[in-house]
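Asks: My structure file target.pdb, PDB, C-alpha atoms, is below:
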```pdb
ATOM      1  CA  MET A 159       3.468  63.604  24.447
ATOM      2  CA  SER A 160       1.762  62.412  21.561
ATOM      3  CA  GLU A 161      -1.323  64.236  20.790
ATOM      4  CA  GLU A 162      -3.814  62.824  18.469
ATOM      5  CA  VAL A 163      -5.347  65.054  15.957
ATOM      6  CA  ASP A 164      -8.857  64.431  14.867
ATOM      7  CA  PRO A 165      -9.191  64.866  11.192
ATOM      8  CA  VAL A 166     -11.731  67.482  10.391
ATOM      9  CA  GLU A 167     -13.972  66.628   7.548
ATOM     10  CA  PRO A 168     -14.912  69.513   5.358
ATOM     11  CA  GLU A 169     -18.524  70.407   5.362
ATOM     12  CA  ILE A 170     -20.261  70.293   2.048
ATOM     13  CA  VAL A 171     -22.794  72.987   1.600
ATOM     14  CA  GLU A 172     -25.504  72.118  -0.798
ATOM     15  CA  SER A 173     -27.214  74.903  -2.570
ATOM     16  CA  ALA A 174     -30.610  74.978  -4.064
ATOM     17  CA  GLU A 175     -29.241  75.590  -7.564
ATOM     18  CA  PRO A 176     -28.863  72.446  -9.664
ATOM     19  CA  SER A 177     -26.023  73.813 -11.824
ATOM     20  CA  GLU A 178     -23.428  73.770  -9.062
ATOM     21  CA  PRO A 179     -23.452  70.037  -8.471
ATOM     22  CA  ALA A 180     -22.914  69.514 -12.212
ATOM     23  CA  GLN A 181     -19.895  71.781 -12.102
ATOM     24  CA  ALA A 182     -18.557  70.136  -8.980
ATOM     25  CA  GLU A 183     -18.704  66.782 -10.674
ATOM     26  CA  THR A 184     -16.669  67.827 -13.733
ATOM     27  CA  ASP A 185     -15.004  64.974 -15.595
ATOM     28  CA  TRP A 186     -11.436  66.238 -15.561
ATOM     29  CA  LYS A 187     -10.153  63.474 -17.794
ATOM     30  CA  ALA A 188     -12.649  64.376 -20.488
ATOM     31  CA  GLU A 189     -11.743  68.056 -20.194
ATOM     32  CA  ALA A 190      -8.030  67.192 -20.430
ATOM     33  CA  ARG A 191      -8.644  65.096 -23.566
ATOM     34  CA  LYS A 192     -10.676  67.920 -25.102
ATOM     35  CA  TRP A 193      -7.942  70.494 -24.519
ATOM     36  CA  GLU A 194      -5.233  68.088 -25.637
ATOM     37  CA  LYS A 195      -7.124  67.514 -28.892
ATOM     38  CA  LEU A 196      -7.455  71.281 -29.429
ATOM     39  CA  ALA A 197      -3.738  71.762 -28.734
ATOM     40  CA  LYS A 198      -2.832  69.127 -31.339
ATOM     41  CA  GLU A 199      -5.132  70.734 -33.893
ATOM     42  CA  ASN A 200      -3.602  74.142 -33.171
ATOM     43  CA  LYS A 201      -0.114  72.694 -33.513
ATOM     44  CA  LEU A 202      -0.983  71.211 -36.920
ATOM     45  CA  ALA A 203      -2.602  74.474 -38.027
ATOM     46  CA  ALA A 204       0.458  76.439 -36.894
ATOM     47  CA  ALA A 205       2.769  74.061 -38.763
ATOM     48  CA  SER A 206       0.736  74.331 -41.966
ATOM     49  CA  LEU A 207       0.621  78.129 -41.614
ATOM     50  CA  LYS A 208       4.395  78.251 -41.213
ATOM     51  CA  ALA A 209       4.859  76.027 -44.276
ATOM     52  CA  LEU A 210       2.528  78.277 -46.270
ATOM     53  CA  GLU A 211       4.378  81.394 -45.117
ATOM     54  CA  ASP A 212       7.700  79.782 -46.047
ATOM     55  CA  ALA A 213       6.357  78.868 -49.482
ATOM     56  CA  GLN A 214       5.095  82.398 -50.008
ATOM     57  CA  LYS A 215       8.341  83.835 -48.722
ATOM     58  CA  SER A 216      10.288  81.667 -51.130
ATOM     59  CA  GLU A 217       8.005  82.758 -53.957
ATOM     60  CA  GLN A 218       8.539  86.372 -52.909
ATOM     61  CA  GLN A 219      12.289  85.864 -52.892
ATOM     62  CA  ARG A 220      12.130  84.246 -56.340
ATOM     63  CA  LEU A 221      10.135  87.189 -57.648
ATOM     64  CA  GLU A 222      12.611  89.645 -56.140
ATOM     65  CA  GLU A 223      15.514  87.801 -57.794
ATOM     66  CA  ARG A 224      13.755  87.798 -61.163
ATOM     67  CA  ALA A 225      13.034  91.519 -60.833
ATOM     68  CA  ALA A 226      16.692  92.209 -60.007
ATOM     69  CA  GLN A 227      17.830  90.198 -63.038
ATOM     70  CA  ALA A 228      15.390  92.021 -65.297
ATOM     71  CA  GLU A 229      16.567  95.412 -64.023
ATOM     72  CA  SER A 230      20.195  94.412 -64.554
ATOM     73  CA  ARG A 231      19.497  93.228 -68.104
ATOM     74  CA  ALA A 232      17.550  96.405 -68.897
ATOM     75  CA  ALA A 233      20.439  98.549 -67.641
ATOM     76  CA  ALA A 234      22.931  96.597 -69.784
ATOM     77  CA  LEU A 235      20.743  96.955 -72.870
ATOM     78  CA  GLU A 236      20.282 100.671 -72.233
ATOM     79  CA  LEU A 237      24.060 101.098 -71.953
ATOM     80  CA  ASP A 238      24.572  99.198 -75.221
ATOM     81  CA  ALA A 239      21.957 101.377 -76.943
ATOM     82  CA  ASN A 240      23.592 104.574 -75.652
ATOM     83  CA  ARG A 241      26.992 103.288 -76.784
ATOM     84  CA  ALA A 242      25.652 102.590 -80.287
ATOM     85  CA  ILE A 243      24.003 106.015 -80.538
ATOM     86  CA  VAL A 244      27.173 107.834 -79.474
ATOM     87  CA  ALA A 245      29.310 105.733 -81.828
ATOM     88  CA  LEU A 246      27.002 106.533 -84.725
ATOM     89  CA  GLU A 247      27.017 110.252 -83.921
ATOM     90  CA  LYS A 248      30.826 110.337 -83.622
ATOM     91  CA  GLY A 249      31.501 108.134 -86.665
ATOM     92  CA  LEU A 250      33.118 105.256 -84.756
ATOM     93  CA  THR A 251      33.284 101.669 -85.941
ATOM     94  CA  ALA A 252      31.595  98.854 -84.012
ATOM     95  CA  ALA A 253      34.972  97.738 -82.628
ATOM     96  CA  GLN A 254      35.733 101.257 -81.428
ATOM     97  CA  ALA A 255      32.260 101.587 -79.908
ATOM     98  CA  LYS A 256      32.878  98.535 -77.704
ATOM     99  CA  ARG A 257      35.816 100.367 -76.126
ATOM    100  CA  LEU A 258      33.733 103.319 -74.943
ATOM    101  CA  VAL A 259      33.537 103.656 -71.170
ATOM    102  CA  GLY A 260      30.834 105.455 -69.220
ATOM    103  CA  SER A 261      27.371 104.994 -67.794
ATOM    104  CA  THR A 262      25.588 108.022 -69.240
ATOM    105  CA  PRO A 263      25.385 109.321 -72.811
ATOM    106  CA  GLU A 264      27.422 112.373 -71.794
ATOM    107  CA  GLU A 265      30.243 110.228 -70.361
ATOM    108  CA  LEU A 266      30.203 108.018 -73.468
ATOM    109  CA  ALA A 267      30.358 111.072 -75.755
ATOM    110  CA  ALA A 268      33.301 112.491 -73.818
ATOM    111  CA  ASP A 269      35.108 109.146 -74.053
ATOM    112  CA  ALA A 270      34.382 108.963 -77.794
ATOM    113  CA  ASP A 271      35.842 112.451 -78.263
ATOM    114  CA  GLN A 272      38.966 111.419 -76.350
ATOM    115  CA  LEU A 273      39.254 108.245 -78.421
ATOM    116  CA  LEU A 274      39.060 110.256 -81.644
ATOM    117  CA  ILE A 275      41.761 112.624 -80.372
ATOM    118  CA  ASP A 276      43.993 109.680 -79.388
ATOM    119  CA  LEU A 277      43.533 108.020 -82.779
ATOM    120  CA  GLY A 278      44.024 111.224 -84.731
ATOM    121  CA  LYS A 279      41.484 112.595 -87.137
ATOM    122  CA  PRO A 280      38.799 110.094 -88.010
ATOM    123  CA  ALA A 281      38.796 108.714 -91.523
ATOM    124  CA  PRO A 282      36.419 110.654 -93.744
ATOM    125  CA  LYS A 283      33.174 108.910 -94.470
ATOM    126  CA  ASN A 284      33.519 109.531 -98.235
ATOM    127  CA  PRO A 285      37.131 109.395 -99.391
ATOM    128  CA  ALA A 286      38.253 111.932-102.003
ATOM    129  CA  ALA A 287      38.069 110.788-105.609
ATOM    130  CA  ASP A 288      41.278 109.498-107.191
ATOM    131  CA  PRO A 289      41.828 111.493-110.419
ATOM    132  CA  SER A 290      43.924 108.752-111.997
ATOM    133  CA  GLN A 291      40.951 106.380-112.023
ATOM    134  CA  GLY A 292      37.730 106.438-113.946
ATOM    135  CA  ALA A 293      36.724 108.208-117.155
ATOM    136  CA  LYS A 294      38.637 111.313-118.171
ATOM    137  CA  ALA A 295      36.324 114.169-118.801
ATOM    138  CA  ALA A 296      38.953 116.904-119.039
ATOM    139  CA  VAL A 297      40.063 118.035-122.503
ATOM    140  CA  GLY A 298      43.778 117.735-123.193
ATOM    141  CA  THR A 299      44.380 114.860-120.822
ATOM    142  CA  ARG A 300      45.801 111.797-122.423
ATOM    143  CA  GLY A 301      45.112 108.276-121.322
ATOM    144  CA  PRO A 302      47.581 105.448-120.960
ATOM    145  CA  ALA A 303      46.641 103.987-124.374
ATOM    146  CA  GLU A 304      47.518 107.229-126.139
ATOM    147  CA  GLU A 305      50.772 107.499-124.221
ATOM    148  CA  PHE A 306      51.661 103.920-125.193
ATOM    149  CA  ALA A 307      50.856 104.635-128.836
ATOM    150  CA  ASP A 308      53.165 107.689-128.730
ATOM    151  CA  ILE A 309      56.010 105.574-127.310
ATOM    152  CA  ILE A 310      55.608 102.971-130.079
ATOM    153  CA  ARG A 311      55.542 105.648-132.749
ATOM    154  CA  ALA A 312      58.675 107.208-131.328
ATOM    155  CA  LYS A 313      60.494 103.846-131.468
ATOM    156  CA  ARG A 314      59.469 103.208-135.056
ATOM    157  CA  GLY A 315      60.408 106.620-136.119
ATOM    158  CA  ALA A 316      57.015 107.548-137.416
TER     159      ALA A 316
END
```
How does the structure come out when it is put into C-alpha cells?
Replies:
Amino acid sequence: MSEEVDPVEPEIVESAEPSEPAQAETDWKAEARKWEKLAKENKLAAASLKALEDAQKSEQQRLEERAAQAESRAAALELDANRAIVALEKGLTAAQAKRLVGSTPEELAADADQLLIDLGKPAPKNPAADPSQGAKAAVGTRGPAEEFADIIRAKRGA
C-alpha cells in the first residue's frame, strides 16, 4: 500500500556562457538591502516634496488672502471717493455725504438728489446780505446814532 516515491533531482544544465552562473548565484540579501535603501530614500524625498508643496501652498493661500484684502480696501476707498465727489457736486456736508447709499456714482447721485428733496431746498452757499448790517451807502438812510440823537432832541425840546 505504501508506495515509495523516489525524489527526482533537477538536472542542472550548464551553458558555455559565463554570465549565467553569475546571475544564478545572485545575492538576494544584498539585492533586498539595496532596494530597501532606495525605498527609504524615496520615502524621505516624497516627504520633503510634500512638505515643500505644503509650504508653497500655504504661501499661495497667504498671497491670495492678501490680494483679497487689497481688493476689498481698494473698493472701499473707491466708494468713499465717489461719495465725496457726489457730495461736492450736490453741495452736501460731510455728515450728509456719509449717509449716501449706493455702489456706483449714478446710484450715489440719485440718493443725494433724494436726500436733498427730503431735507427741502439746500441752504445756499452764499447767504443773502443783511441790509441792516454793514456800512450804509444809500443816501437818505439814517443810522441808529442819528435816530438816537433825534430822540434825545425830541425829549429836550430842541
Asks: In Å, rounded to a single decimal, give me how far CA of Ala234 (chain A) is from CA of Ala268 (chain A).
Replies: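 Result for CA of Ala268 (chain A) versus CA of Ala234 (chain A): 19.4 Å, one decimal.
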Asks: Under the PyMOL selection byres ((chain A and resi 267) around 10), which residues of this model are included? Write them out as a ChimeraX atom specification.
Replies: /A:240-241,243-245,247-248,258-260,262-266,268-273
Asks: Write the selection just made, keeping C-alpha atoms, as a tab-separated table (two decimals), in the frame of the given file?
Replies:
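Output (out17.tsv):
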```
chain	number	residue	atom	x	y	z
A	240	ASN	CA	23.59	104.57	-75.65
A	241	ARG	CA	26.99	103.29	-76.78
A	243	ILE	CA	24.00	106.02	-80.54
A	244	VAL	CA	27.17	107.83	-79.47
A	245	ALA	CA	29.31	105.73	-81.83
A	247	GLU	CA	27.02	110.25	-83.92
A	248	LYS	CA	30.83	110.34	-83.62
A	258	LEU	CA	33.73	103.32	-74.94
A	259	VAL	CA	33.54	103.66	-71.17
A	260	GLY	CA	30.83	105.46	-69.22
A	262	THR	CA	25.59	108.02	-69.24
A	263	PRO	CA	25.38	109.32	-72.81
A	264	GLU	CA	27.42	112.37	-71.79
A	265	GLU	CA	30.24	110.23	-70.36
A	266	LEU	CA	30.20	108.02	-73.47
A	268	ALA	CA	33.30	112.49	-73.82
A	269	ASP	CA	35.11	109.15	-74.05
A	270	ALA	CA	34.38	108.96	-77.79
A	271	ASP	CA	35.84	112.45	-78.26
A	272	GLN	CA	38.97	111.42	-76.35
A	273	LEU	CA	39.25	108.24	-78.42
```
Asks: Would you compute the distance between CA of Ala252 (chain A) and CA of Leu277 (chain A)? Give it in Å to one decimal.
Replies: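 If I compute the distance from CA of Ala252 (chain A) to CA of Leu277 (chain A), I get 15.1 Å.
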Asks: Interatomic distance between CA of Ser261 (chain A) and CA of Gln227 (chain A)?
Replies: 18.2 Å
Asks: Could you check which of A:Glu189, A:Leu274, A:Glu304, A:Ala287 is closest to Thr251 (chain A), using all atoms listed in the file?
Replies: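 Smallest separation from Thr251 (chain A) among the options: A:Leu274.
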Asks: Restricting the calculation to only C-alpha atoms, which member of A:Gln219, A:Gln254, A:Asn200, A:Gln214 is positioned closest to Asp276 (chain A)?
Replies: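 Closest to Asp276 (chain A), using only C-alpha atoms: A:Gln254.
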Asks: Which residue gives the smallest distance to Ala242 (chain A) among A:Phe306, A:Lys256, A:Pro289, A:Lys215, with all atoms listed in the file counted?
Replies: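 For Ala242 (chain A), the nearest of the given residues is A:Lys256.
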